[in-house]
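A quick write-up on the structure given underneath.
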Amino acid sequence: MVVLSKPGLDQIPLIKNHKPTHFSGIPTIDLSKPDSGELLVEACEEFGFFKVINHGIPMEFMDKLEAEAVKFFSLPQPEKEKAGPANPFGYGNKRIGLNGDMGWIEYLLLQTNAKSVSQTSWAISRENPEIFRSAATDYISAVKKLATEVLEMLAEGLKIQPRNIFSELLKDEESDSVFRINHYPPCPDIQSFRCNLTGFGEHTDPQIISVLRSNNTSGFQISLKDGSWVSVPSDQSSFFVIVGDSMQVLTNGRFKSVRHRVLANSKKSRVSMIYFGAPGLREKIAPLPSLMEEGEESLYREFKWCEYKVSSYKSKLADNRLRLFEK
């Protein structure tokens with residue numbers, strides 16, 4: 001079993017009385033179908049979350065990067081820490097953010113531009129950084145393309161122009177998108193205490209859209225409209241898409257950023273890879289007039305992405321970050 005460095009187990013919060021029931025109602029959308037745009041809109045309105053199939057990303061890209069991640073996370077702790085501390089990029093463990101949030105997790109956080117990935121690869125894979133660099137570059141490029149295609153399908157489904165009104169925010173050379181690889185090692189079995197150990201605490205993503213892929217280990221959960229938590233069945237060949245806070249603002253609340261969390265697993269490691277699609281730091285975020293009906297008022301004040309990002313870093317994971325930006 002991988003042993004994470006301090007702080008200790010007793011500082012990681014427990015989730016009590018949780019019954020791990022899988023939820024069969026997650027929308028699964030075939031991106032090759034002609035009605036996918038409308039279905040994507042419905043999923044964003046109802047759940048803020050959905051699974052996509054026929055996404056076009058080769059399984060080879062997923063397997064190659066996951067293998068490199070597993071290789072890194074299997075290193076002795078002192079070796080892994082040479083790629084950190086995460087400030088915010090690099091290797092980190094247990095500490096999530098700057099405000100005391102803790103989880104049974106270790107991770108790598110990368111900027112998505114090729115130059116940064118290349119530089120970081122030397123710290124992650126000292127023996128042969130080119131293998132990690134190649135795997136990460138191929139994967140990030142493919143998943144970014146998927147994210148922009150989904151955003152353009154959403155624009156079509158919403159019947160707004162231009163088609164790239166959302167996707168251009170990610171395609172911008174100044175995009176502040178980031179990429180994260182999370183590793184949740186097997187944790188002590190505390191089921192006898194009717195509790196689960198927190199892997200990653202409940203939160204919403206501040207960006208526009210997140211694209212998640214994980215191995216076949218359970219633990220990921222989302223919160224439904226009624227506040228109940230449901231477990232999302234794992235599927236290593238598909239991608240899960242998460243609506244972020246910025247998309248909620250752009251759609252004036254029509255799409256909801258979904259609260260989600262990860263519970264640690266007592267028997268198997270979980271590896272997840274997440275692309276967080278964000279605009280440039282100086283990009284302004286506000287409800288799109290083309291999505292607002294006549295007489296409809298904006299629910300949010302306009303802000304720059306850098307302003308919201310700074311605010312997010314100052315908050316706790318479970319905070320409602322958008323509350324500060326509501327009118």
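We label chains A, B, ... in the order they appear in the structure tokens, count residues from 1 in each chain, and number ligands from 1 in the order shown.
For stretch 210-223 of chain A, the set of protein, DNA and RNA residues having any atom at most 6 Å away, when counting only C-alpha atoms and skipping those fewer than 6 positions along the same chain, is A:Trp229, A:Val230, A:Ser231, A:Val232, A:Ser234, A:Asp235, A:Gln236, A:Phe239, A:Phe240, A:Val241, A:Ile242, A:Arg259, A:His260, A:Arg261, A:Val262, A:Leu263, A:Arg270, A:Val271, A:Ser272, A:Met273, A:Ile274, A:Tyr275, A:Phe276, A:Gly277.
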Give me, as a PyMOL selection string, the residues of stretch 38-284 of chain A that a backbone DSSP run labels helix (DSSP H, G or I). chain A and resi 38-46+59-73+77-83+114-124+129-158+168-171+191-193+245-250
DSSP-assigned strand (DSSP E or B) among stretch 9-245 of chain A, expressed as a PyMOL selection string: chain A and resi 14-16+22+28-30+49-53+90-96+101-111+175+178-184+195-203+209-214+220-223+229-231+239-243
Write out as JSON lines a residue-level contact list of stretch 112-210 of chain A versus stretch 57-61 of chain A with cut-off 10 Å: for each qualifying residue the closest pair of atoms and the distance in Å to one decimal, counting only C-alpha atoms, rows sorted by chain and residue number upward.
{"residue": "A:Ser134", "atom": "CA", "partner": "A:Phe61", "partner_atom": "CA", "distance": 9.8}
{"residue": "A:Ala135", "atom": "CA", "partner": "A:Phe61", "partner_atom": "CA", "distance": 6.8}
{"residue": "A:Ala136", "atom": "CA", "partner": "A:Phe61", "partner_atom": "CA", "distance": 8.6}
{"residue": "A:Thr137", "atom": "CA", "partner": "A:Phe61", "partner_atom": "CA", "distance": 9.7}
{"residue": "A:Asp138", "atom": "CA", "partner": "A:Phe61", "partner_atom": "CA", "distance": 6.7}
{"residue": "A:Tyr139", "atom": "CA", "partner": "A:Phe61", "partner_atom": "CA", "distance": 5.6}
{"residue": "A:Ile140", "atom": "CA", "partner": "A:Phe61", "partner_atom": "CA", "distance": 9.4}
{"residue": "A:Ala142", "atom": "CA", "partner": "A:Ile57", "partner_atom": "CA", "distance": 6.3}
{"residue": "A:Val143", "atom": "CA", "partner": "A:Ile57", "partner_atom": "CA", "distance": 7.5}
{"residue": "A:Lys145", "atom": "CA", "partner": "A:Ile57", "partner_atom": "CA", "distance": 9.4}
{"residue": "A:Leu146", "atom": "CA", "partner": "A:Ile57", "partner_atom": "CA", "distance": 8.0}
Go through stretch 33-118 of chain A and flag each residue having an atom no more than 10 Å from stretch 243-248 of chain A; for those, report the closest pair of atoms plus their distance in Å to one decimal, using only C-alpha atoms, ordered by chain and rising number, as CSV.
residue,atom,partner,partner_atom,distance
A:Ala43,CA,A:Val243,CA,9.8
A:Cys44,CA,A:Val243,CA,6.9
A:Glu45,CA,A:Val243,CA,9.6
A:Phe47,CA,A:Val243,CA,8.8
A:Gly48,CA,A:Val243,CA,5.0
A:Phe49,CA,A:Val243,CA,6.2
A:Phe50,CA,A:Val243,CA,9.1
Identify, on the basis of only C-alpha atoms, every residue whose closest approach to A:Leu291 does not exceed 10 Å; exclude the query and any residue fewer than 2 positions from it along the same chain; express the result as an NGL selection string. :A and (158-160 or 250-252 or 254 or 287-289 or 293-294 or 296)
Contact table stretch 160-242 of chain A vs stretch 304-308 of chain A, cut-off 9 Å, shortest pair per residue, only C-alpha atoms, as CSV:
residue,atom,partner,partner_atom,distance
A:Asp176,CA,A:Trp305,CA,8.9
A:Pro206,CA,A:Tyr308,CA,7.8
A:Gln207,CA,A:Trp305,CA,8.6
Write out the residues from the selection above, keeping all heavy atoms, as a PDB file, in the first residue's frame.
ATOM      1  N   ASP A 176      -6.244  29.724 -19.503  1.00  0.00           N
ATOM      2  CA  ASP A 176      -5.691  29.369 -18.192  1.00  0.00           C
ATOM      3  C   ASP A 176      -6.079  27.935 -17.797  1.00  0.00           C
ATOM      4  O   ASP A 176      -6.149  27.614 -16.620  1.00  0.00           O
ATOM      5  CB  ASP A 176      -6.200  30.368 -17.142  1.00  0.00           C
ATOM      6  CG  ASP A 176      -5.489  30.246 -15.808  1.00  0.00           C
ATOM      7  OD1 ASP A 176      -4.242  30.131 -15.801  1.00  0.00           O
ATOM      8  OD2 ASP A 176      -6.177  30.255 -14.769  1.00  0.00           O
ATOM      9  N   PRO A 206     -14.513  25.750 -10.594  1.00  0.00           N
ATOM     10  CA  PRO A 206     -14.692  27.156 -10.962  1.00  0.00           C
ATOM     11  C   PRO A 206     -14.608  27.437 -12.459  1.00  0.00           C
ATOM     12  O   PRO A 206     -15.085  28.473 -12.922  1.00  0.00           O
ATOM     13  CB  PRO A 206     -13.561  27.865 -10.215  1.00  0.00           C
ATOM     14  CG  PRO A 206     -12.522  26.817 -10.002  1.00  0.00           C
ATOM     15  CD  PRO A 206     -13.264  25.529  -9.850  1.00  0.00           C
ATOM     16  N   GLN A 207     -14.003  26.537 -13.231  1.00  0.00           N
ATOM     17  CA  GLN A 207     -13.770  26.784 -14.656  1.00  0.00           C
ATOM     18  C   GLN A 207     -15.063  26.672 -15.474  1.00  0.00           C
ATOM     19  O   GLN A 207     -16.161  26.594 -14.921  1.00  0.00           O
ATOM     20  CB  GLN A 207     -12.715  25.820 -15.195  1.00  0.00           C
ATOM     21  CG  GLN A 207     -11.314  26.029 -14.641  1.00  0.00           C
ATOM     22  CD  GLN A 207     -11.054  25.287 -13.340  1.00  0.00           C
ATOM     23  OE1 GLN A 207     -11.926  24.636 -12.775  1.00  0.00           O
ATOM     24  NE2 GLN A 207      -9.824  25.367 -12.845  1.00  0.00           N
TER      25      GLN A 207
END
I'd like the contact shell of A:Ala69 - 10 Å cut-off, only C-alpha atoms, skipping same-chain residues fewer than 3 positions apart - returned as a PDB file with N, CA, C and O atoms, in the first residue's frame.
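What landed in part_13.pdb:
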ATOM      1  N   ASP A  63      -4.500   4.855 -21.741  1.00  0.00           N
ATOM      2  CA  ASP A  63      -3.701   3.823 -21.075  1.00  0.00           C
ATOM      3  C   ASP A  63      -2.247   4.250 -20.894  1.00  0.00           C
ATOM      4  O   ASP A  63      -1.624   3.976 -19.863  1.00  0.00           O
ATOM      5  N   LYS A  64      -1.700   4.918 -21.893  1.00  0.00           N
ATOM      6  CA  LYS A  64      -0.289   5.318 -21.848  1.00  0.00           C
ATOM      7  C   LYS A  64      -0.034   6.317 -20.727  1.00  0.00           C
ATOM      8  O   LYS A  64       0.915   6.168 -19.950  1.00  0.00           O
ATOM      9  N   LEU A  65      -0.902   7.332 -20.611  1.00  0.00           N
ATOM     10  CA  LEU A  65      -0.697   8.335 -19.568  1.00  0.00           C
ATOM     11  C   LEU A  65      -0.999   7.752 -18.190  1.00  0.00           C
ATOM     12  O   LEU A  65      -0.290   8.042 -17.220  1.00  0.00           O
ATOM     13  N   GLU A  66      -2.025   6.923 -18.100  1.00  0.00           N
ATOM     14  CA  GLU A  66      -2.327   6.301 -16.807  1.00  0.00           C
ATOM     15  C   GLU A  66      -1.151   5.448 -16.336  1.00  0.00           C
ATOM     16  O   GLU A  66      -0.797   5.454 -15.152  1.00  0.00           O
ATOM     17  N   PHE A  72       4.776   6.856 -11.621  1.00  0.00           N
ATOM     18  CA  PHE A  72       5.237   7.957 -10.771  1.00  0.00           C
ATOM     19  C   PHE A  72       4.734   7.793  -9.339  1.00  0.00           C
ATOM     20  O   PHE A  72       5.503   7.912  -8.380  1.00  0.00           O
ATOM     21  N   PHE A  73       3.443   7.529  -9.173  1.00  0.00           N
ATOM     22  CA  PHE A  73       2.872   7.450  -7.828  1.00  0.00           C
ATOM     23  C   PHE A  73       3.363   6.235  -7.055  1.00  0.00           C
ATOM     24  O   PHE A  73       3.188   6.163  -5.834  1.00  0.00           O
ATOM     25  N   SER A  74       3.993   5.269  -7.745  1.00  0.00           N
ATOM     26  CA  SER A  74       4.559   4.098  -7.082  1.00  0.00           C
ATOM     27  C   SER A  74       5.967   4.344  -6.557  1.00  0.00           C
ATOM     28  O   SER A  74       6.531   3.483  -5.863  1.00  0.00           O
ATOM     29  N   TYR A 107      -1.397  13.982  -5.911  1.00  0.00           N
ATOM     30  CA  TYR A 107      -1.755  14.476  -7.245  1.00  0.00           C
ATOM     31  C   TYR A 107      -0.592  15.167  -7.928  1.00  0.00           C
ATOM     32  O   TYR A 107       0.412  15.536  -7.300  1.00  0.00           O
ATOM     33  N   LEU A 108      -0.760  15.334  -9.243  1.00  0.00           N
ATOM     34  CA  LEU A 108       0.105  16.173 -10.057  1.00  0.00           C
ATOM     35  C   LEU A 108      -0.779  17.223 -10.720  1.00  0.00           C
ATOM     36  O   LEU A 108      -1.808  16.885 -11.309  1.00  0.00           O
ATOM     37  N   ILE A 124       9.059  14.967 -13.006  1.00  0.00           N
ATOM     38  CA  ILE A 124       8.184  13.814 -12.797  1.00  0.00           C
ATOM     39  C   ILE A 124       8.864  12.509 -13.203  1.00  0.00           C
ATOM     40  O   ILE A 124       8.726  11.490 -12.531  1.00  0.00           O
ATOM     41  N   SER A 125       9.597  12.541 -14.294  1.00  0.00           N
ATOM     42  CA  SER A 125      10.229  11.326 -14.828  1.00  0.00           C
ATOM     43  C   SER A 125      11.672  11.638 -15.180  1.00  0.00           C
ATOM     44  O   SER A 125      11.997  11.921 -16.341  1.00  0.00           O
ATOM     45  N   PHE A 132       6.928  10.553 -20.470  1.00  0.00           N
ATOM     46  CA  PHE A 132       5.820  11.234 -19.794  1.00  0.00           C
ATOM     47  C   PHE A 132       5.369  12.449 -20.603  1.00  0.00           C
ATOM     48  O   PHE A 132       4.165  12.688 -20.757  1.00  0.00           O
ATOM     49  N   ALA A 135       3.254  11.323 -23.558  1.00  0.00           N
ATOM     50  CA  ALA A 135       1.951  10.799 -23.134  1.00  0.00           C
ATOM     51  C   ALA A 135       1.028  11.928 -22.682  1.00  0.00           C
ATOM     52  O   ALA A 135      -0.160  11.967 -23.040  1.00  0.00           O
ATOM     53  N   ALA A 136       1.575  12.865 -21.883  1.00  0.00           N
ATOM     54  CA  ALA A 136       0.757  13.966 -21.372  1.00  0.00           C
ATOM     55  C   ALA A 136       0.332  14.910 -22.493  1.00  0.00           C
ATOM     56  O   ALA A 136      -0.828  15.356 -22.549  1.00  0.00           O
ATOM     57  N   ILE A 181      -3.801  15.111 -12.415  1.00  0.00           N
ATOM     58  CA  ILE A 181      -3.839  13.654 -12.269  1.00  0.00           C
ATOM     59  C   ILE A 181      -3.937  13.358 -10.779  1.00  0.00           C
ATOM     60  O   ILE A 181      -3.047  13.718 -10.008  1.00  0.00           O
ATOM     61  N   ASN A 182      -5.035  12.733 -10.370  1.00  0.00           N
ATOM     62  CA  ASN A 182      -5.255  12.388  -8.967  1.00  0.00           C
ATOM     63  C   ASN A 182      -5.021  10.904  -8.727  1.00  0.00           C
ATOM     64  O   ASN A 182      -5.432  10.067  -9.533  1.00  0.00           O
ATOM     65  N   HIS A 183      -4.398  10.596  -7.615  1.00  0.00           N
ATOM     66  CA  HIS A 183      -4.211   9.208  -7.200  1.00  0.00           C
ATOM     67  C   HIS A 183      -4.746   9.061  -5.787  1.00  0.00           C
ATOM     68  O   HIS A 183      -4.323   9.769  -4.874  1.00  0.00           O
ATOM     69  N   VAL A 271      -7.241   6.190  -9.998  1.00  0.00           N
ATOM     70  CA  VAL A 271      -6.469   7.183 -10.744  1.00  0.00           C
ATOM     71  C   VAL A 271      -7.428   7.933 -11.662  1.00  0.00           C
ATOM     72  O   VAL A 271      -8.149   7.314 -12.447  1.00  0.00           O
ATOM     73  N   SER A 272      -7.470   9.235 -11.531  1.00  0.00           N
ATOM     74  CA  SER A 272      -8.324  10.034 -12.403  1.00  0.00           C
ATOM     75  C   SER A 272      -7.499  11.144 -13.040  1.00  0.00           C
ATOM     76  O   SER A 272      -6.520  11.631 -12.460  1.00  0.00           O
ATOM     77  N   MET A 273      -7.915  11.531 -14.253  1.00  0.00           N
ATOM     78  CA  MET A 273      -7.222  12.562 -15.011  1.00  0.00           C
ATOM     79  C   MET A 273      -8.268  13.578 -15.459  1.00  0.00           C
ATOM     80  O   MET A 273      -9.259  13.206 -16.097  1.00  0.00           O
TER      81      MET A 273
END
May I have the residues within 9 Å of A:Ala318 as a list in words, using only C-alpha atoms and disregarding those fewer than 2 positions away in the same chain?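 Here the qualifying residues turn out to be Gly201, Glu202, His203, Thr204, Arg259, Ser315, Lys316, Asn320 and Arg321 of chain A.
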Contact residues around A:Glu130 with only C-alpha atoms at 10 Å, ignoring same-chain residues under 6 positions, as a list in words: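 With the cut-off at 10 Å, the set is Ser118, Ser121, Trp122 and Ala136 of chain A.
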Export, as a PDB file, in the first residue's frame, the selected residues with N, CA and C atoms.
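Final output, selection_16.pdb:
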ATOM      1  N   SER A 118       6.567  20.097 -20.822  1.00  0.00           N
ATOM      2  CA  SER A 118       7.925  19.627 -21.070  1.00  0.00           C
ATOM      3  C   SER A 118       8.830  19.889 -19.870  1.00  0.00           C
ATOM      4  N   SER A 121       7.921  17.634 -16.919  1.00  0.00           N
ATOM      5  CA  SER A 121       8.230  16.229 -17.150  1.00  0.00           C
ATOM      6  C   SER A 121       9.598  15.842 -16.583  1.00  0.00           C
ATOM      7  N   TRP A 122      10.523  16.781 -16.556  1.00  0.00           N
ATOM      8  CA  TRP A 122      11.860  16.487 -16.023  1.00  0.00           C
ATOM      9  C   TRP A 122      11.801  16.183 -14.529  1.00  0.00           C
ATOM     10  N   ALA A 136       1.575  12.865 -21.883  1.00  0.00           N
ATOM     11  CA  ALA A 136       0.757  13.966 -21.372  1.00  0.00           C
ATOM     12  C   ALA A 136       0.332  14.910 -22.493  1.00  0.00           C
TER      13      ALA A 136
END
